[in-house]
Amino acid sequence: MENQSGNTKTRTSIIVQIYVMIMIGMAVIGVITYFSQSRLAEKSKKNEAARFATEVAEEAALSVKEYPAYSWLLKYWYEHHDDMDVEYDISFTDSVTTKEKEKLLAEHQPDLQLRYATEEEIRALPEEDQKLYAEIAYSWLITRFDEIKQNYNVNYLYCTATDTDEGTDPYREQTFLVSAADKGSIRGTNDHEVYPLGHTVSVEEKPDLQEAMRDAVELSRLEVSGDYEAGNYDYSGDYADYYRMLYEFDGHAVLVGVSYKITSMNADIKDTARTGTAYAVFYQFILVQLIMGFLFFYGISPLEKILKNINLYTETKNSAEVNRNLNEILSGKGAAAVRQNEIGQLSEDFIKLTNEIDHYVDNIERITKENERISAELELASRIQTSMLPSIFPAFPDREEVDIYAVMDPAREVGGDFYDFFFIDPDHLGVVIADVSGKGIPGALFMMISKVILQNCAMIGGSPAEIMKRTNRLICANNKEEMFVTIWFSILEISSGLLKIVNSGHEYPAYRKNGGQFELLKGKHSIATGIMEDIQYPEIEIQMEPGDKIFVYTDGVPEATNKEQQLYGTDRMIDALNEKGDGTPHEILMEVHRSVNEFVNDAEQFDDLTMLCVEYRGPGKENRVTEG
């Protein structure tokens, strides 16, 4: 009984500890919930307000852009506001005075369509008629701004001009061009804060407002389309202010501004946060009581026994004793309930785990030795593959006619790409780059076979097309795995600079005339080698001049992929080539390699990356023809 009582006290102590911890956690969660609800409510309200302000500003901006000559009008209003005779007391239809101006301008310019006049047509008018048009359009626009303000019920809607960072007094003052009024208000009175044309207000004491204007201007400059759609917000104080870029000229920016009170919005945010938090805490409390009751009866006691046996196995590795103790839990008091929950599953899984661990321990040494053997073989295969590719540069130090450089960066320990260059005879240089269809060890083996076959066929002699036909027949003859290889093969005649090329399903090379730019050299090509026998290989010829360069590569370059799954592409490759177009082949390849690595960044290399560049420097002294 005493022992049983002691166990009861122990179980009660654990439950109390867990209960206290959960209640503390609930208090913390309550605080976090309140702030989270506040943030969510604030974000929701601000997003809603931002969408609303954007819609208002967009409609106001469109009302300005309805006039084809709007850019001329905005600049004219800003520069001639002191000389303009503008009607501020109009109703929400055109005033009599404005009608008289329309009639007068129609008499002067009967063919001019006022609402559709272009900037060129307005500039062609006499100064007096330009002023009349500006005053008429201003009255129309005032009416439209007033309508928009009433329809959306915003506190302030206006169009203002300010100096940008290119101006004399950046973002410190606003010169009002258009300011909307409520119906029945008197324009120009301080009661309604509706400012007449040309009224200037200092915002030097409002850095947040200045920053909002600056951000709106800078964001608009980032728009690729050139149509100023960007805007920015300022939520400081009692008002939310939104600015939308409209037009920029001579160090000045014209912005559409929308302002509305956010006092009620802040109150709604607090109410929403308090209500959401109260409900969340209440539901959590009820849930905790239910969970604690279940945990007390079916969790703590069997879990303690399981933990003791886990510790026992950790210390002794005696799986027989541990399994016997765990089976007692699964067959003792309350076992039916335990077997149906995760604790019963934990007991059964740990019994299986101890048996599997015993089995795995026996295999660890064997697996470790096997992995070490495979790793050593892969390392040896990598060294063998590397040794088969030319890796000493300059490749032909005694031949001044050409400069050549190549690199291969395999995606795995061994790769399926290869390159090679060799003199078939003193006047003919063979250059090859290829990409095998497979990867890893199979690709590496097929790569070495293909390389040896191609070089042997090339040394027999003949044109590139004839060499490739012999190579294809030999590869197809013993290709039971149906692998294939794309090959770019060329022969450069040193004495003349004539380059003959065969492309067997490979990437297009990039070619640069001396003093020019690298461009893709597209031409006829055949299917990949090893797919079918008796392939016809079309040749193309290029007459290289001293200083010309040709760059060849495998698809690992344009198909290099970053973490956003974007491809590097040939456009970026051409740009990188032209960064060092006047450099040596080594400098050119290093620039492309740097550009690819910078683009890919930390993403895993997807494919082998192989590149080769040849520069033809001339026929050389021994090959030059002496005249006379």
# chains A, B, ... in the order shown; residues from 1 in each chain; ligands from 1
>>> residues_around(residues="A:Thr570", least_positions_apart="4", cutoff="12 Å", atoms="only C-alpha atoms", output="JSON, numbers by chain")
{"A": [507, 508, 509, 510, 518, 519, 520, 521, 552, 553, 554, 555, 556, 557, 558, 559, 560, 574, 575, 576, 577, 592, 595, 596]}
>>> write_last_selection(atoms="C-alpha atoms", output="PDB file, in the first residue's frame")
ATOM      1  CA  GLU A 507      24.384  22.963 -78.750  1.00  0.00           C
ATOM      2  CA  TYR A 508      25.049  25.822 -81.193  1.00  0.00           C
ATOM      3  CA  PRO A 509      28.507  27.366 -80.665  1.00  0.00           C
ATOM      4  CA  ALA A 510      29.190  31.080 -80.145  1.00  0.00           C
ATOM      5  CA  PHE A 518      30.063  36.848 -79.635  1.00  0.00           C
ATOM      6  CA  GLU A 519      26.921  35.557 -81.383  1.00  0.00           C
ATOM      7  CA  LEU A 520      25.335  32.114 -81.642  1.00  0.00           C
ATOM      8  CA  LEU A 521      26.448  30.343 -84.826  1.00  0.00           C
ATOM      9  CA  VAL A 552      31.592  25.549 -77.550  1.00  0.00           C
ATOM     10  CA  TYR A 553      29.836  24.099 -74.538  1.00  0.00           C
ATOM     11  CA  THR A 554      27.464  21.408 -73.273  1.00  0.00           C
ATOM     12  CA  ASP A 555      23.862  21.940 -72.190  1.00  0.00           C
ATOM     13  CA  GLY A 556      24.985  22.186 -68.561  1.00  0.00           C
ATOM     14  CA  VAL A 557      25.772  25.873 -69.241  1.00  0.00           C
ATOM     15  CA  PRO A 558      22.438  27.244 -70.606  1.00  0.00           C
ATOM     16  CA  GLU A 559      20.424  24.794 -68.446  1.00  0.00           C
ATOM     17  CA  ALA A 560      22.134  25.713 -65.170  1.00  0.00           C
ATOM     18  CA  ILE A 574      26.466  35.593 -74.583  1.00  0.00           C
ATOM     19  CA  ASP A 575      26.556  38.580 -72.212  1.00  0.00           C
ATOM     20  CA  ALA A 576      29.229  36.874 -70.100  1.00  0.00           C
ATOM     21  CA  LEU A 577      31.255  36.003 -73.206  1.00  0.00           C
ATOM     22  CA  VAL A 592      31.431  32.433 -68.028  1.00  0.00           C
ATOM     23  CA  SER A 595      28.710  34.187 -64.213  1.00  0.00           C
ATOM     24  CA  VAL A 596      27.110  30.697 -64.017  1.00  0.00           C
TER      25      VAL A 596
END
>>> residues_around(residues="A:Tyr537", least_positions_apart="6", cutoff="10 Å", atoms="only C-alpha atoms", output="PyMOL selection string")
chain A and resi 464-469+501-504+524-527
>>> closest_residue(among="A:Ser202, A:Thr160, A:Ser391, A:Ser220", to="A:Glu173", atoms="only C-alpha atoms")
A:Ser202
>>> select_by_dssp(residues="stretch 133-224 of chain A", states="helix (DSSP H, G or I)", output="ChimeraX atom specification")
/A:133-152,207-221
>>> atom_distance(atom1="atom CA of A:Ile441", atom2="atom CA of A:Ser490")
27.4 Å
>>> residues_around(residues="A:Tyr247", least_positions_apart="4", cutoff="9 Å", atoms="only C-alpha atoms", output="NGL selection string")
:A and (71 or 74 or 228 or 252-255)
>>> residues_around(residues="A:Leu73", least_positions_apart="5", cutoff="9 Å", atoms="only C-alpha atoms", output="VMD selection string")
chain A and resid 67 78 119 133 to 134 137 to 138
>>> closest_residue(among="A:Lys513, A:Pro126, A:Asp427, A:Thr54", to="A:Gln109", atoms="only C-alpha atoms")
A:Pro126
>>> residues_around(residues="A:Phe418", least_positions_apart="6", cutoff="12 Å", atoms="only C-alpha atoms", output="ChimeraX atom specification")
/A:385-391,406-410,431-437,443-452,454,485-489,552-554,608-612
>>> atom_distance(atom1="atom CA of A:Arg144", atom2="atom CA of A:Tyr242")
19.1 Å
>>> closest_residue(among="A:Leu62, A:Ala50, A:Val56, A:Cys457", to="A:Asn151", atoms="only C-alpha atoms")
A:Val56
>>> atom_distance(atom1="atom CA of A:Thr164", atom2="atom CA of A:Asp82")
22.1 Å
>>> select_by_dssp(residues="stretch 445-499 of chain A", states="strand (DSSP E)", output="ChimeraX atom specification")
/A:485-493,498-499
>>> residues_around(residues="A:Met26", least_positions_apart="5", cutoff="8 Å", atoms="only C-alpha atoms", output="PyMOL selection string")
chain A and resi 281+284-285
>>> closest_residue(among="A:Gln289, A:Thr316, A:Thr118, A:Thr584", to="A:Asp403", atoms="only C-alpha atoms")
A:Thr584
